[in-house]
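Asks: Input: one structure, supplied below.
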Amino acid sequence: MIRETAKYLFQFILLILAQVLIFNNIDFSGFINPYIYTLFILLLPFYLPNLVLLMSAFTLGLTIDLFMGTPGVHSSATLLMAFARPFVMSLYSPREGYQTGTYPRMAQFGTEWFVKYAVTLILLHHFTLFYLEVFTFHHFFSTFLRALLSSLLTSVLIIFSQFFIFRR
Amino acid sequence: MRNLLRFIAQHHFLILFLIIESFSLFLFFSANPYQRVHFYIASHKISGRISTRIENIKDYLSLYKENQKLSEENSRLYNQAGSALSVMASDTGYIQDSLTHMKFRFLTARVINNTVNKQFNYLTLDRGGNTGIGPEMAVISGDGIVGIVKSVSPNYAAVLSVLNRDFMISAKIKKNGYFGPLSWNGNSTERATLVDIPHHVQVSTGDTIITSGYGGVFPEGFIIGTIDRFRLKGGNYYEITVKLSTDFRKLNNVQVIHNYAKTEIDSIENSVNQ
């Protein structure tokens with residue numbers, strides 16, 4: 001149990017550092033910003049107390065907010081993503097359900113399952129994030145394109161990460 | 001009561017979510033420009049050291065380009081030396097006074113943190129109150145305007161970037177002097193919008209837009225950019241899209257401009273307003 005917690009704490013710190021040090025510095029003409037820290041929410045174990053799930057999402061979002069100087073934007077989007085996670089999981093649930101002792105990983109549930117699961121939640125997160133940040137429908141299509149392309153890049157990065165790190 | 005408890009137990013996930021989410025949204029909506037700057041400064045205290053390191057590395061990598069830009073800027077400044085001096089009205093005409101009445105002072109600083117991909121972008125400079133930088137001073141680079149200093153600590157300054165939806169200055173068309181407010185629409189890192197130019201004014205793409213000097217923050221005549229597109233809005237006024245001459249993704253060395261006359265201008269303007 002403690003080892004488990006330490007593992008997720010390590011992932012938490014690693015993903016925040018990767019986001020702040022590397023991915024926040026990558027930008028394609030200020031248009032596409034990948035937010036790979038969302039991988040943390042995707043990788044959390046299946047049966048997690050609701051309070052733990054929501055609080056860890058809030059802490060994650062707020063930490064990113066602190067680094068980026070955007071009060072409330074990332075924490076709101078990440079919270080919504082964590083809230084939607086159980087519903088998305090049951091939507092794509094395999095016939096026999098999720099066994100205890102399994103983890104939401106590509107290695108365990110296959111590429112198709114992981115891609116569907118990850119992309120749905122990433123799209124939700126990114127669209128919430130971009131529209132909340134702009135907070136207007138004035139430039140609806142340019143925001144839409146930004147959110148869509150960023151989600152695409154984040155998804156690709158996250159899916160690739162499953163082949164190299166965070167495999168188990 | 002029992003039903004209420006059962007309801008809460010049944011929907012506790014949703015209720016928990018709503019509580020934390022509303023707190024989070026409260027953080028978002030309660031932030032006004034002033035608080036945003038402070039949140040930015042607080043976040044800078046945490047990430048400041050890391051970003052200084054990263055910036056050191058980036059600086060080293062772009063040393064060659066930066067040198068070239070600085071020498072170009074130098075030669076340009078040699079050509080126009082004297083423009084920083086104020087022109088004083090005397091009995092017989094205007095004289096340029098270099099001794100007793102410096103109007104602007106230029107301070108160099110380096111950008112150690114800069115964002116372009118948000119709606120409210122800020123920059124951090126590596127100089128602050130200790131070197132004489134204060135709030136409401138203009139920040140320019142060799143290519144054009146950068147922003148306005150909003151808050152300083154002894155060693156750092158937080159600058160409201162042009163690429164911030166709270167940013168607004170007075171700008172004018174160089175060739176005919178018509179002026180209007182210029183702001184960023186949050187859309188592209190390369191463009192800003194100039195409005196309130198009457199429809200009878202001759203405008204064409206490629207015209208230069210400069211600072212008007214009104215408001216006392218920016219001195220008159222600093223380049224902002226060129227006209228990219230324009231259209232009539234509501235029939236009477238042009239809405240002009242300006243292509244910014246500053247590349248905000250490559251900012252490194254900047255100049256902070258201290259206007260010695262700003263307090264005097266402000267006090268005389270306030271006395272009229274009251």
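Ligands are numbered from 1 in the order shown, chains are lettered A, B, ... in the order of the structure tokens, and residues start at 1 in each chain.
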Hey, list the chain B side of the contact with chain A: 7 Å cut-off, only C-alpha atoms, answer as a ChimeraX atom specification.

Replies: /B:13,17,21,24-25,27-28,39-40,43,47,116-117,119,189

Asks: Mind writing the picked residues with N, CA and C atoms as a short mmCIF file (atom, residue, chain, number, x, y, z; two decimals), in the first residue's frame?

Replies:
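again_35.cif, freshly written:
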data_model
loop_
_atom_site.label_atom_id
_atom_site.label_comp_id
_atom_site.auth_asym_id
_atom_site.auth_seq_id
_atom_site.Cartn_x
_atom_site.Cartn_y
_atom_site.Cartn_z
N PHE B 13 -20.55 11.30 -4.71
CA PHE B 13 -19.51 11.59 -5.71
C PHE B 13 -19.81 12.91 -6.42
N PHE B 17 -17.82 16.42 -6.01
CA PHE B 17 -17.32 17.06 -7.23
C PHE B 17 -17.78 18.50 -7.32
N GLU B 21 -15.30 21.60 -7.38
CA GLU B 21 -15.30 22.33 -8.65
C GLU B 21 -15.74 23.77 -8.46
N SER B 24 -12.92 25.69 -7.17
CA SER B 24 -11.95 25.91 -8.23
C SER B 24 -12.40 27.01 -9.19
N LEU B 25 -13.69 26.97 -9.54
CA LEU B 25 -14.22 28.01 -10.43
C LEU B 25 -14.25 29.36 -9.73
N LEU B 27 -12.00 30.39 -7.70
CA LEU B 27 -10.63 30.91 -7.89
C LEU B 27 -10.51 31.59 -9.26
N PHE B 28 -11.11 30.94 -10.27
CA PHE B 28 -11.00 31.45 -11.63
C PHE B 28 -11.74 32.77 -11.80
N PHE B 39 -1.06 36.53 -8.30
CA PHE B 39 -0.98 35.07 -8.43
C PHE B 39 0.24 34.72 -9.26
N TYR B 40 0.47 35.52 -10.29
CA TYR B 40 1.62 35.27 -11.16
C TYR B 40 2.91 35.42 -10.35
N SER B 43 3.35 32.53 -8.05
CA SER B 43 3.77 31.34 -8.76
C SER B 43 5.21 31.49 -9.22
N SER B 47 8.49 28.97 -9.08
CA SER B 47 9.16 28.45 -10.27
C SER B 47 10.30 29.35 -10.74
N VAL B 116 3.41 32.98 -24.06
CA VAL B 116 2.67 33.56 -25.17
C VAL B 116 1.39 32.80 -25.44
N ASN B 117 1.20 31.66 -24.80
CA ASN B 117 0.11 30.78 -25.21
C ASN B 117 -1.11 30.85 -24.32
N GLN B 119 -4.25 33.45 -22.32
CA GLN B 119 -5.02 34.66 -22.61
C GLN B 119 -4.49 35.84 -21.81
N THR B 189 -0.53 35.40 -31.64
CA THR B 189 0.58 36.05 -30.95
C THR B 189 1.23 37.11 -31.82
#

Asks: Can you tell me, as a PDB file with C-alpha atoms, in the first residue's frame, what residues are no more than 8 Å from stretch 154-159 of chain B when counting only C-alpha atoms, ignoring any on the same chain fewer than 4 positions away?

Replies:
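The resulting file, selection21.pdb, is shown below:
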ATOM      1  CA  VAL B  37      -0.558  39.716 -11.299  1.00  0.00           C
ATOM      2  CA  ILE B  41       4.194  36.679  -8.727  1.00  0.00           C
ATOM      3  CA  TYR B 122       3.044  38.006 -18.376  1.00  0.00           C
ATOM      4  CA  LEU B 123       6.823  38.320 -18.499  1.00  0.00           C
ATOM      5  CA  THR B 124       9.319  38.371 -15.680  1.00  0.00           C
ATOM      6  CA  LEU B 125      12.432  40.538 -15.813  1.00  0.00           C
ATOM      7  CA  ASP B 126      15.614  39.849 -13.878  1.00  0.00           C
ATOM      8  CA  ARG B 127      15.776  43.422 -12.534  1.00  0.00           C
ATOM      9  CA  GLY B 128      13.427  45.028 -10.076  1.00  0.00           C
ATOM     10  CA  GLY B 129      13.028  47.868  -7.613  1.00  0.00           C
ATOM     11  CA  ASN B 130      16.718  47.813  -6.659  1.00  0.00           C
ATOM     12  CA  ILE B 133      12.316  49.768 -12.115  1.00  0.00           C
ATOM     13  CA  GLY B 134       8.836  50.599 -10.889  1.00  0.00           C
ATOM     14  CA  VAL B 139       9.015  47.869 -21.689  1.00  0.00           C
ATOM     15  CA  GLY B 147       4.475  45.552 -22.289  1.00  0.00           C
ATOM     16  CA  ILE B 148       4.008  47.545 -19.120  1.00  0.00           C
ATOM     17  CA  VAL B 149       5.589  46.798 -15.743  1.00  0.00           C
ATOM     18  CA  LYS B 150       2.801  45.957 -13.311  1.00  0.00           C
TER      19      LYS B 150
END

Asks: Run DSSP on the backbone and give me the residues of stretch 16-161 of chain A it puts in alpha helix (DSSP H), as a count of residues only.

Replies: 96

Asks: Which residue out of A:Ser93, A:Phe140, A:Ile122, A:Ala107 has the minimum interatomic distance to A:Leu153 when only C-alpha atoms are used?

Replies: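 Going through A:Ser93, A:Phe140, A:Ile122, A:Ala107 one by one, the smallest distance to A:Leu153 is for A:Ile122.
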
Asks: At a cut-off of 10 Å, using only C-alpha atoms, what residues contact B:His200? Leave out same-chain residues fewer than 4 positions from it and give the result as an mmCIF file with N, CA and C atoms, in the first residue's frame.

Replies:
data_model
loop_
_atom_site.group_PDB
_atom_site.id
_atom_site.type_symbol
_atom_site.label_atom_id
_atom_site.label_comp_id
_atom_site.auth_asym_id
_atom_site.auth_seq_id
_atom_site.Cartn_x
_atom_site.Cartn_y
_atom_site.Cartn_z
ATOM 1 N N ASN B 236 -18.767 53.601 -39.165
ATOM 2 C CA ASN B 236 -18.109 54.863 -38.868
ATOM 3 C C ASN B 236 -16.647 54.738 -38.481
ATOM 4 N N TYR B 237 -16.285 53.601 -37.961
ATOM 5 C CA TYR B 237 -14.929 53.478 -37.468
ATOM 6 C C TYR B 237 -14.250 52.250 -38.064
ATOM 7 N N TYR B 238 -12.948 52.378 -38.273
ATOM 8 C CA TYR B 238 -12.176 51.240 -38.749
ATOM 9 C C TYR B 238 -11.783 50.335 -37.576
#

Asks: I'd like the interatomic distance between atom CA of B:Thr211 and atom CA of B:Leu163, to a tenth of an Å.

Replies: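 A separation of 16.1 Å between them.
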
Asks: Which neighbours of A:Glu4 fall inside 12 Å, counting only C-alpha atoms, when residues of the same chain fewer than 4 positions from it are skipped, and could you give them as a list in words?

Replies: Tyr8, Leu9, Phe10, Gln11, Leu44, Pro45, Tyr103 and Arg168 of chain A
